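Asker: Input file: data26.cif. Contents: mmCIF, C-alpha atoms.
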data_model
loop_
_atom_site.group_PDB
_atom_site.id
_atom_site.type_symbol
_atom_site.label_atom_id
_atom_site.label_comp_id
_atom_site.auth_asym_id
_atom_site.auth_seq_id
_atom_site.Cartn_x
_atom_site.Cartn_y
_atom_site.Cartn_z
ATOM 1 C CA MET D 1 17.638 -74.539 5.585
ATOM 2 C CA SER D 2 18.847 -76.185 2.403
ATOM 3 C CA LYS D 3 20.801 -74.357 -0.261
ATOM 4 C CA ILE D 4 17.815 -74.669 -2.607
ATOM 5 C CA GLY D 5 15.584 -72.945 -0.039
ATOM 6 C CA VAL D 6 18.060 -70.089 0.377
ATOM 7 C CA ILE D 7 18.324 -69.683 -3.397
ATOM 8 C CA ILE D 8 14.532 -69.613 -3.714
ATOM 9 C CA ILE D 9 14.226 -66.948 -0.973
ATOM 10 C CA LEU D 10 16.986 -64.848 -2.547
ATOM 11 C CA SER D 11 15.382 -65.215 -5.958
ATOM 12 C CA ILE D 12 12.014 -64.063 -4.597
ATOM 13 C CA ALA D 13 13.693 -61.111 -2.826
ATOM 14 C CA ILE D 14 15.486 -60.126 -6.028
ATOM 15 C CA ILE D 15 12.261 -60.366 -8.025
ATOM 16 C CA ILE D 16 10.448 -58.223 -5.444
ATOM 17 C CA LEU D 17 13.289 -55.670 -5.463
ATOM 18 C CA LEU D 18 13.422 -55.559 -9.255
ATOM 19 C CA THR D 19 9.642 -55.177 -9.389
ATOM 20 C CA TYR D 20 9.821 -52.355 -6.847
ATOM 21 C CA LEU D 21 12.619 -50.662 -8.791
ATOM 22 C CA TYR D 22 10.577 -51.040 -11.980
ATOM 23 C CA PHE D 23 7.585 -49.278 -10.430
ATOM 24 C CA ILE D 24 9.858 -46.600 -8.897
ATOM 25 C CA LYS D 25 11.403 -45.942 -12.314
ATOM 26 C CA LYS D 26 7.944 -45.914 -13.897
ATOM 27 C CA GLU D 27 6.703 -43.434 -11.273
ATOM 28 C CA ILE D 28 9.715 -41.179 -11.817
ATOM 29 C CA LYS D 29 9.004 -41.201 -15.575
ATOM 30 C CA ASN D 30 5.363 -40.392 -14.802
ATOM 31 C CA ILE D 31 6.391 -37.415 -12.618
ATOM 32 C CA ALA D 32 8.864 -36.234 -15.273
ATOM 33 C CA LYS D 33 6.148 -36.446 -17.932
ATOM 34 C CA GLN D 34 3.720 -34.426 -15.804
ATOM 35 C CA LEU D 35 6.377 -31.776 -15.152
ATOM 36 C CA ASN D 36 7.223 -31.522 -18.846
ATOM 37 C CA GLU D 37 3.525 -31.061 -19.690
ATOM 38 C CA TYR D 38 3.241 -28.404 -16.963
ATOM 39 C CA ASN D 39 6.372 -26.589 -18.158
ATOM 40 C CA ARG D 40 5.102 -26.554 -21.759
ATOM 41 C CA GLY D 41 1.822 -25.078 -20.573
ATOM 42 C CA CYS D 42 -0.179 -28.107 -21.693
ATOM 43 C CA THR D 43 -1.726 -28.405 -18.243
ATOM 44 C CA ARG D 44 -1.987 -26.468 -15.009
ATOM 45 C CA LYS D 45 -2.544 -29.664 -13.042
ATOM 46 C CA LYS D 46 -0.206 -30.398 -10.163
ATOM 47 C CA VAL D 47 1.818 -33.603 -9.898
ATOM 48 C CA ASP D 48 -0.025 -36.705 -8.694
ATOM 49 C CA ILE D 49 1.344 -40.185 -8.050
ATOM 50 C CA SER D 50 0.061 -43.729 -8.306
ATOM 51 C CA LEU D 51 2.774 -45.465 -6.274
ATOM 52 C CA PHE D 52 2.357 -45.185 -2.523
ATOM 53 C CA ASP D 53 5.939 -44.721 -1.397
ATOM 54 C CA ARG D 54 6.949 -42.311 1.364
ATOM 55 C CA ASP D 55 9.929 -40.857 -0.500
ATOM 56 C CA ILE D 56 7.989 -40.514 -3.754
ATOM 57 C CA GLU D 57 5.143 -38.844 -1.841
ATOM 58 C CA ASN D 58 7.618 -36.408 -0.260
ATOM 59 C CA LEU D 59 9.103 -35.680 -3.686
ATOM 60 C CA SER D 60 5.683 -34.939 -5.192
ATOM 61 C CA ARG D 61 4.803 -32.725 -2.219
ATOM 62 C CA VAL D 62 8.016 -30.701 -2.621
ATOM 63 C CA ILE D 63 7.395 -30.365 -6.374
ATOM 64 C CA ASN D 64 3.806 -29.220 -5.784
ATOM 65 C CA ASP D 65 5.005 -26.737 -3.156
ATOM 66 C CA HIS D 66 7.420 -25.328 -5.724
ATOM 67 C CA ILE D 67 4.595 -25.125 -8.274
ATOM 68 C CA ASN D 68 2.538 -23.153 -5.730
ATOM 69 C CA ILE D 69 5.458 -20.769 -5.208
ATOM 70 C CA SER D 70 5.787 -20.321 -8.982
ATOM 71 C CA ILE D 71 2.046 -19.690 -9.378
ATOM 72 C CA ASN D 72 2.077 -17.089 -6.582
ATOM 73 C CA ALA D 73 5.168 -15.448 -8.105
ATOM 74 C CA VAL D 74 3.442 -15.164 -11.483
ATOM 75 C CA ILE D 75 0.314 -13.706 -9.864
ATOM 76 C CA LYS D 76 2.428 -11.218 -7.907
ATOM 77 C CA GLN D 77 4.334 -10.249 -11.047
ATOM 78 C CA LYS D 78 1.104 -9.675 -12.993
ATOM 79 C CA ASN D 79 -0.326 -7.605 -10.134
ATOM 80 C CA THR D 80 2.879 -5.568 -10.020
ATOM 81 C CA GLU D 81 2.772 -5.030 -13.789
ATOM 82 C CA ASN D 82 -0.883 -3.958 -13.626
ATOM 83 C CA GLU D 83 -0.121 -1.630 -10.723
ATOM 84 C CA LEU D 84 2.801 -0.138 -12.652
ATOM 85 C CA LYS D 85 0.573 0.430 -15.697
ATOM 86 C CA ARG D 86 -2.033 2.157 -13.522
ATOM 87 C CA ALA D 87 0.705 4.193 -11.847
ATOM 88 C CA ILE D 88 2.122 5.360 -15.177
ATOM 89 C CA ALA D 89 -1.374 6.233 -16.404
ATOM 90 C CA ASN D 90 -2.117 8.181 -13.213
ATOM 91 C CA ILE D 91 1.226 9.977 -13.251
ATOM 92 C CA SER D 92 0.719 10.926 -16.898
ATOM 93 C CA HIS D 93 -2.773 12.230 -16.152
ATOM 94 C CA ASP D 94 -1.719 14.095 -13.011
ATOM 95 C CA ILE D 95 1.085 15.872 -14.847
ATOM 96 C CA ARG D 96 -0.522 16.335 -18.268
ATOM 97 C CA THR D 97 -3.806 17.827 -16.989
ATOM 98 C CA PRO D 98 -2.405 20.822 -15.056
ATOM 99 C CA LEU D 99 0.382 21.297 -17.621
ATOM 100 C CA THR D 100 -2.154 21.534 -20.452
ATOM 101 C CA SER D 101 -4.174 23.988 -18.391
ATOM 102 C CA ILE D 102 -1.080 26.120 -17.683
ATOM 103 C CA LEU D 103 -0.172 26.254 -21.366
ATOM 104 C CA GLY D 104 -3.753 27.173 -22.203
ATOM 105 C CA TYR D 105 -3.774 30.150 -19.834
ATOM 106 C CA ILE D 106 -0.380 31.310 -21.118
ATOM 107 C CA GLN D 107 -1.667 31.182 -24.700
ATOM 108 C CA MET D 108 -4.795 33.109 -23.675
ATOM 109 C CA SER D 109 -2.658 35.836 -22.107
ATOM 110 C CA LYS D 110 -0.658 36.179 -25.342
ATOM 111 C CA ARG D 111 -3.670 36.547 -27.606
ATOM 112 C CA GLU D 112 -3.786 39.772 -29.537
ATOM 113 C CA GLY D 113 -6.260 42.239 -28.116
ATOM 114 C CA THR D 114 -6.321 40.672 -24.640
ATOM 115 C CA SER D 115 -6.685 43.355 -21.994
ATOM 116 C CA TYR D 116 -4.025 43.859 -19.341
ATOM 117 C CA GLU D 117 -6.495 42.782 -16.627
ATOM 118 C CA LYS D 118 -7.313 39.564 -18.499
ATOM 119 C CA GLN D 119 -3.610 38.872 -19.096
ATOM 120 C CA LEU D 120 -2.911 39.318 -15.394
ATOM 121 C CA GLU D 121 -5.789 37.006 -14.503
ATOM 122 C CA CYS D 122 -4.491 34.315 -16.880
ATOM 123 C CA ILE D 123 -0.940 34.618 -15.548
ATOM 124 C CA ASN D 124 -2.109 34.378 -11.933
ATOM 125 C CA THR D 125 -4.219 31.309 -12.742
ATOM 126 C CA ALA D 126 -1.300 29.690 -14.581
ATOM 127 C CA GLU D 127 0.975 30.409 -11.617
ATOM 128 C CA ARG D 128 -1.523 28.860 -9.190
ATOM 129 C CA LYS D 129 -1.807 25.725 -11.312
ATOM 130 C CA ALA D 130 1.974 25.567 -11.691
ATOM 131 C CA ASN D 131 2.284 25.605 -7.895
ATOM 132 C CA ASN D 132 -0.236 22.749 -7.685
ATOM 133 C CA LEU D 133 1.816 20.820 -10.236
ATOM 134 C CA LYS D 134 4.944 21.497 -8.185
ATOM 135 C CA LYS D 135 3.259 19.995 -5.109
ATOM 136 C CA ILE D 136 2.303 16.882 -7.073
ATOM 137 C CA LEU D 137 5.869 16.439 -8.342
ATOM 138 C CA GLU D 138 7.193 16.907 -4.811
ATOM 139 C CA LYS D 139 4.921 14.102 -3.637
ATOM 140 C CA PHE D 140 6.212 11.825 -6.379
ATOM 141 C CA PHE D 141 9.741 12.657 -5.254
ATOM 142 C CA ILE D 142 8.948 11.975 -1.574
ATOM 143 C CA PHE D 143 7.189 8.744 -2.543
ATOM 144 C CA SER D 144 10.217 7.481 -4.485
ATOM 145 C CA ILE D 145 12.437 8.194 -1.463
ATOM 146 C CA VAL D 146 10.339 6.710 1.356
ATOM 147 C CA GLU D 147 9.468 3.593 -0.671
ATOM 148 C CA SER D 148 13.142 2.799 -1.139
ATOM 149 C CA PRO D 149 14.448 -0.054 1.084
ATOM 150 C CA GLU D 150 17.496 2.125 1.769
ATOM 151 C CA TYR D 151 15.348 4.817 3.391
ATOM 152 C CA THR D 152 15.883 4.630 7.131
ATOM 153 C CA ILE D 153 14.341 6.645 9.947
ATOM 154 C CA GLU D 154 16.350 8.057 12.820
ATOM 155 C CA MET D 155 14.260 7.432 15.915
ATOM 156 C CA GLU D 156 13.926 9.874 18.804
ATOM 157 C CA TYR D 157 11.508 10.612 21.618
ATOM 158 C CA ILE D 158 8.598 12.672 20.287
ATOM 159 C CA ASN D 159 5.916 14.544 22.230
ATOM 160 C CA LEU D 160 2.825 13.953 20.086
ATOM 161 C CA ASN D 161 0.720 16.434 22.033
ATOM 162 C CA ASN D 162 3.016 19.354 21.170
ATOM 163 C CA ILE D 163 3.301 18.395 17.493
ATOM 164 C CA LEU D 164 -0.459 18.026 17.146
ATOM 165 C CA TYR D 165 -1.158 21.417 18.801
ATOM 166 C CA GLU D 166 1.382 23.120 16.517
ATOM 167 C CA LEU D 167 -0.018 21.542 13.345
ATOM 168 C CA ILE D 168 -3.643 22.307 14.216
ATOM 169 C CA ALA D 169 -2.627 25.930 14.749
ATOM 170 C CA SER D 170 -0.736 26.014 11.418
ATOM 171 C CA PHE D 171 -3.838 24.711 9.595
ATOM 172 C CA TYR D 172 -6.193 27.152 11.341
ATOM 173 C CA ASP D 173 -6.609 29.503 8.364
ATOM 174 C CA GLU D 174 -7.322 26.599 5.995
ATOM 175 C CA PHE D 175 -9.870 25.125 8.407
ATOM 176 C CA LYS D 176 -11.532 28.525 8.681
ATOM 177 C CA SER D 177 -11.607 29.156 4.917
ATOM 178 C CA LYS D 178 -13.278 25.761 4.389
ATOM 179 C CA GLY D 179 -15.805 26.397 7.150
ATOM 180 C CA ILE D 180 -14.476 23.492 9.214
ATOM 181 C CA ASP D 181 -15.433 23.624 12.886
ATOM 182 C CA LEU D 182 -12.904 21.142 14.211
ATOM 183 C CA ASN D 183 -13.684 19.155 17.354
ATOM 184 C CA ILE D 184 -10.421 18.575 19.233
ATOM 185 C CA ASP D 185 -9.921 16.046 22.024
ATOM 186 C CA ILE D 186 -6.303 15.895 23.236
ATOM 187 C CA LYS D 187 -5.605 14.476 26.666
ATOM 188 C CA GLU D 188 -3.690 16.676 29.062
ATOM 189 C CA GLU D 189 -0.946 14.141 29.819
ATOM 190 C CA ASN D 190 1.941 14.338 27.380
ATOM 191 C CA LEU D 191 2.199 11.196 25.262
ATOM 192 C CA ILE D 192 5.745 10.346 24.200
ATOM 193 C CA VAL D 193 6.556 7.905 21.393
ATOM 194 C CA LEU D 194 9.654 6.763 19.547
ATOM 195 C CA GLY D 195 9.625 8.166 16.029
ATOM 196 C CA ASN D 196 11.004 10.830 13.750
ATOM 197 C CA LYS D 197 9.666 14.363 14.110
ATOM 198 C CA THR D 198 9.944 15.278 10.415
ATOM 199 C CA ASP D 199 8.126 12.127 9.321
ATOM 200 C CA ILE D 200 5.452 12.361 12.023
ATOM 201 C CA VAL D 201 4.778 15.954 10.950
ATOM 202 C CA ARG D 202 4.502 14.762 7.333
ATOM 203 C CA ILE D 203 2.067 12.018 8.377
ATOM 204 C CA ILE D 204 -0.233 14.369 10.272
ATOM 205 C CA GLU D 205 -0.017 17.049 7.548
ATOM 206 C CA ASN D 206 -1.099 14.472 4.945
ATOM 207 C CA LEU D 207 -4.063 13.422 7.091
ATOM 208 C CA MET D 208 -5.146 17.018 7.756
ATOM 209 C CA THR D 209 -4.778 17.921 4.074
ATOM 210 C CA ASN D 210 -6.929 14.909 3.225
ATOM 211 C CA LEU D 211 -9.541 16.026 5.762
ATOM 212 C CA ILE D 212 -9.650 19.576 4.342
ATOM 213 C CA LYS D 213 -10.007 18.335 0.750
ATOM 214 C CA TYR D 214 -12.709 15.729 1.205
ATOM 215 C CA SER D 215 -14.558 16.376 4.446
ATOM 216 C CA LYS D 216 -18.301 16.993 4.325
ATOM 217 C CA GLY D 217 -18.602 18.000 7.988
ATOM 218 C CA ASN D 218 -18.420 16.590 11.527
ATOM 219 C CA GLU D 219 -14.615 16.784 11.766
ATOM 220 C CA HIS D 220 -12.873 15.312 14.827
ATOM 221 C CA ILE D 221 -9.267 14.939 15.943
ATOM 222 C CA GLU D 222 -8.523 12.859 19.026
ATOM 223 C CA LEU D 223 -5.259 11.871 20.707
ATOM 224 C CA LYS D 224 -5.362 9.344 23.526
ATOM 225 C CA LYS D 225 -3.606 6.472 25.243
ATOM 226 C CA VAL D 226 -4.994 2.973 24.662
ATOM 227 C CA ASP D 227 -3.173 0.278 26.658
ATOM 228 C CA ASP D 228 0.499 0.552 25.631
ATOM 229 C CA LYS D 229 -0.170 2.619 22.512
ATOM 230 C CA VAL D 230 -0.839 6.225 21.543
ATOM 231 C CA MET D 231 -3.802 6.551 19.203
ATOM 232 C CA LEU D 232 -4.397 9.462 16.831
ATOM 233 C CA ILE D 233 -7.905 9.371 15.380
ATOM 234 C CA ILE D 234 -8.988 11.745 12.617
ATOM 235 C CA SER D 235 -12.558 11.445 11.419
ATOM 236 C CA ASN D 236 -14.963 13.322 9.184
ATOM 237 C CA LYS D 237 -18.125 12.868 7.183
ATOM 238 C CA VAL D 238 -17.684 11.719 3.563
ATOM 239 C CA GLU D 239 -19.800 11.090 0.494
ATOM 240 C CA ASN D 240 -19.429 8.568 -2.359
ATOM 241 C CA LEU D 241 -17.186 6.350 -0.252
ATOM 242 C CA ASN D 242 -17.930 2.765 0.723
ATOM 243 C CA GLU D 243 -16.149 -0.055 2.538
ATOM 244 C CA GLU D 244 -14.481 -1.287 -0.662
ATOM 245 C CA ASP D 245 -13.044 2.196 -1.266
ATOM 246 C CA VAL D 246 -11.744 2.333 2.310
ATOM 247 C CA LYS D 247 -9.856 -0.948 1.828
ATOM 248 C CA LEU D 248 -7.966 0.668 -1.071
ATOM 249 C CA LEU D 249 -7.250 4.043 0.525
ATOM 250 C CA PHE D 250 -3.613 3.268 1.308
ATOM 251 C CA ASN D 251 -2.853 1.711 -2.083
ATOM 252 C CA ARG D 252 -0.398 3.538 -4.314
ATOM 253 C CA PHE D 253 -2.001 6.068 -6.656
ATOM 254 C CA TYR D 254 -5.505 5.166 -5.479
ATOM 255 C CA LYS D 255 -7.957 8.055 -5.715
ATOM 256 C CA GLN D 256 -11.394 8.319 -4.205
ATOM 257 C CA ASP D 257 -14.220 8.890 -6.665
ATOM 258 C CA ILE D 258 -14.703 12.380 -5.268
ATOM 259 C CA SER D 259 -11.148 13.313 -6.167
ATOM 260 C CA ARG D 260 -10.536 11.513 -9.451
ATOM 261 C CA ASN D 261 -10.791 14.670 -11.509
ATOM 262 C CA SER D 262 -8.737 16.814 -9.165
ATOM 263 C CA SER D 263 -5.410 17.966 -10.532
ATOM 264 C CA LYS D 264 -4.354 18.667 -6.943
ATOM 265 C CA SER D 265 -4.457 15.017 -5.966
ATOM 266 C CA SER D 266 -1.822 12.426 -6.836
ATOM 267 C CA GLY D 267 -3.350 9.627 -4.782
ATOM 268 C CA LEU D 268 -0.006 9.293 -2.978
ATOM 269 C CA GLY D 269 -0.587 11.078 0.326
ATOM 270 C CA LEU D 270 -2.067 8.162 2.265
ATOM 271 C CA SER D 271 0.342 5.657 0.703
ATOM 272 C CA ILE D 272 3.295 7.795 1.864
ATOM 273 C CA THR D 273 1.651 8.069 5.284
ATOM 274 C CA LYS D 274 1.291 4.302 5.590
ATOM 275 C CA THR D 275 4.894 3.653 4.548
ATOM 276 C CA LEU D 276 6.292 6.209 6.991
ATOM 277 C CA ILE D 277 4.277 5.056 9.986
ATOM 278 C CA GLU D 278 5.133 1.403 9.368
ATOM 279 C CA LYS D 279 8.837 2.270 9.161
ATOM 280 C CA MET D 280 8.435 3.672 12.679
ATOM 281 C CA GLN D 281 6.901 0.350 13.809
ATOM 282 C CA GLY D 282 3.488 1.996 13.997
ATOM 283 C CA ASP D 283 0.140 1.098 12.442
ATOM 284 C CA ILE D 284 -2.499 2.886 10.394
ATOM 285 C CA ASP D 285 -6.030 1.773 9.613
ATOM 286 C CA ALA D 286 -9.254 3.168 8.213
ATOM 287 C CA TYR D 287 -12.891 2.235 8.558
ATOM 288 C CA ILE D 288 -16.247 3.813 7.837
ATOM 289 C CA ILE D 289 -19.419 3.949 9.932
ATOM 290 C CA LYS D 290 -22.532 5.609 8.505
ATOM 291 C CA ASN D 291 -20.673 7.946 6.100
ATOM 292 C CA GLN D 292 -18.155 8.871 8.813
ATOM 293 C CA ILE D 293 -14.602 7.805 7.996
ATOM 294 C CA TYR D 294 -12.102 7.144 10.783
ATOM 295 C CA ILE D 295 -8.359 7.023 10.153
ATOM 296 C CA THR D 296 -6.404 5.747 13.136
ATOM 297 C CA CYS D 297 -2.643 5.963 13.649
ATOM 298 C CA SER D 298 -0.944 4.195 16.529
ATOM 299 C CA TRP D 299 2.549 4.208 17.956
ATOM 300 C CA LYS D 300 3.895 2.230 20.869
ATOM 301 C CA ILE D 301 4.100 4.554 23.860
ATOM 302 C CA ALA D 302 7.556 5.293 25.256
ATOM 303 C CA TYR D 303 6.436 7.088 28.417
ATOM 304 C CA THR D 304 4.107 9.801 29.665
ATOM 305 C CA LYS D 305 4.773 12.973 31.568
#
Would you put the structure from the file into structure tokens?

Answerer:
Amino acid sequence: MSKIGVIIILSIAIIILLTYLYFIKKEIKNIAKQLNEYNRGCTRKKVDISLFDRDIENLSRVINDHINISINAVIKQKNTENELKRAIANISHDIRTPLTSILGYIQMSKREGTSYEKQLECINTAERKANNLKKILEKFFIFSIVESPEYTIEMEYINLNNILYELIASFYDEFKSKGIDLNIDIKEENLIVLGNKTDIVRIIENLMTNLIKYSKGNEHIELKKVDDKVMLIISNKVENLNEEDVKLLFNRFYKQDISRNSSKSSGLGLSITKTLIEKMQGDIDAYIIKNQIYITCSWKIAYTK
């Protein structure tokens, strides 16, 4: 090949390379322009390209992936802010309502001309409401502890049968006073799981307290083995509760319609329950069938005896 031919080929190659570099530089400017517009809030459109180059395509994909991460982070932050606002509003309501009531009864007892019997009635009512407020504050305290990443659970072998029998017996008077005729189905074999006794007791107490507060009849408690898990199922009839409500039951500070005006409810019991059971590598779920709600807790079985 002659020198002229080589020069021509090299010239063409250089022209092609320079042209390619020109379009690469143009595409980079295009991407930079789109990013600047996105960062200024002029557009929510993701980066697109006009030059079909593998590296440029990979760059645009990585940028768009980062945009997706940023969008999800913003959404999560807004949801967290909204949840915090609702939490503050609920906490304020849950504390202010019984506190106002307590102050009202104290003022009534101090009114001139109030009989001793009426004063005593007001003081007893104020004391009862103060105890309810104390329980709410204790739940807030427990919630702040168990939600902390530093909160760890010391695991041990737990006999769920024994704990459940003891707790049902301890709630007997409350069941009786509420007219609850509890149907109990606990298998005879002892079901042993890995967990923490204090936290498992707290879980079951929360569920039983929930049942006593909101049940409208047909109450059942069942403990059984299903494959390699131990299942605790607590069910009861409810009113004014639908599938959408059930999906939110374990959310922080969520309150069922039937309990929104109750100063005894903080909406934290089931959220605490969910956090505790998950920290023990267990699961909790809820579903509703024909006005009968079922809350199921499961732990991986350690052994039976």

Asker: Taking (-6.3, 6.8, 11.0) in the coordinates of the supplied file, I want to know which residues reach to within 12 Å of it, counting all atoms listed in the file; could you give the answer as a PyMOL selection string?

Answerer: chain D and resi 203-204+206-208+210-211+220-223+230-236+246+249-250+270+273-274+277+282-288+293-299

Asker: So, with all atoms listed in the file as the atoms that count, which of D:Glu83, D:Asp94, D:Asp199, D:Glu219 lies closest to Phe175 (chain D)?

Answerer: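 Of D:Glu83, D:Asp94, D:Asp199, D:Glu219, the one nearest Phe175 (chain D) is D:Glu219, counting all atoms listed in the file.
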
Asker: So, with all atoms listed in the file as the atoms that count, which of D:Glu81, D:Cys122, D:Gly195, D:Phe52 lies closest to Thr152 (chain D)?

Answerer: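 The closest residue to Thr152 (chain D) is D:Gly195.
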
Asker: Just how far from CA of Asn242 (chain D) is CA of Lys229 (chain D), in Å to one decimal?

Answerer: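 Spanning CA of Lys229 (chain D) to CA of Asn242 (chain D) is a straight-line distance of 28.1 Å.
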
Asker: As an exercise, work out the distance from CA of Thr275 (chain D) to CA of Lys135 (chain D) in Å and give it to one decimal place.

Answerer: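 Taking CA of Thr275 (chain D) as the start and CA of Lys135 (chain D) as the end point, the length is 19.1 Å.
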
Asker: Using CA of Lys110 (chain D) and CA of Thr125 (chain D) as the two end points, give the distance in Å to one decimal.

Answerer: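 Going from CA of Lys110 (chain D) over to CA of Thr125 (chain D), I get 14.0 Å.
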
Asker: Could you list, as JSON, numbers by chain, every residue within 12 Å of Glu189 (chain D), counting all atoms listed in the file and ignoring same-chain residues fewer than 2 positions away?

Answerer: {"D": [159, 160, 161, 162, 186, 187, 191, 192, 223, 224, 225, 230, 303, 304, 305]}

Asker: Report as an MDAnalysis selection string the full result of the PyMOL selection byres ((chain D and resi 133) around 12) when it is applied to this structure.

Answerer: chainID D and resid 91:102 126:132 134:140 262:266

Asker: Would you please work out which residue, of D:Arg54, D:Lys300, D:Lys279, D:Lys3, is nearest to Glu150 (chain D) when using only C-alpha atoms?

Answerer: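 Smallest separation from Glu150 (chain D) among the options: D:Lys279.
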
Asker: Would you list the contacts of Asn39 (chain D) as an MDAnalysis selection string, taking every protein, DNA or RNA residue within 12 Å and counting all atoms listed in the file, but skipping same-chain residues closer than 6 positions in sequence?

Answerer: chainID D and resid 32:33 45:47 67 70:71

Asker: Could you put an axis-aligned box around every listed atom of region 180-198 of chain D, padded by 3 Å on each side, and send me its centre and edge lengths in Å to one decimal, as lines of an AutoDock Vina configuration file?

Answerer:
center_x = -2.2
center_y = 15.2
center_z = 19.5
size_x = 32.4
size_y = 22.9
size_z = 26.6

Asker: Using only C-alpha atoms, find the one residue out of D:Leu241, D:Ile69, D:Leu276, D:Leu10 that sits nearest to Val146 (chain D).

Answerer: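 Selected residue with least distance to Val146 (chain D): D:Leu276.
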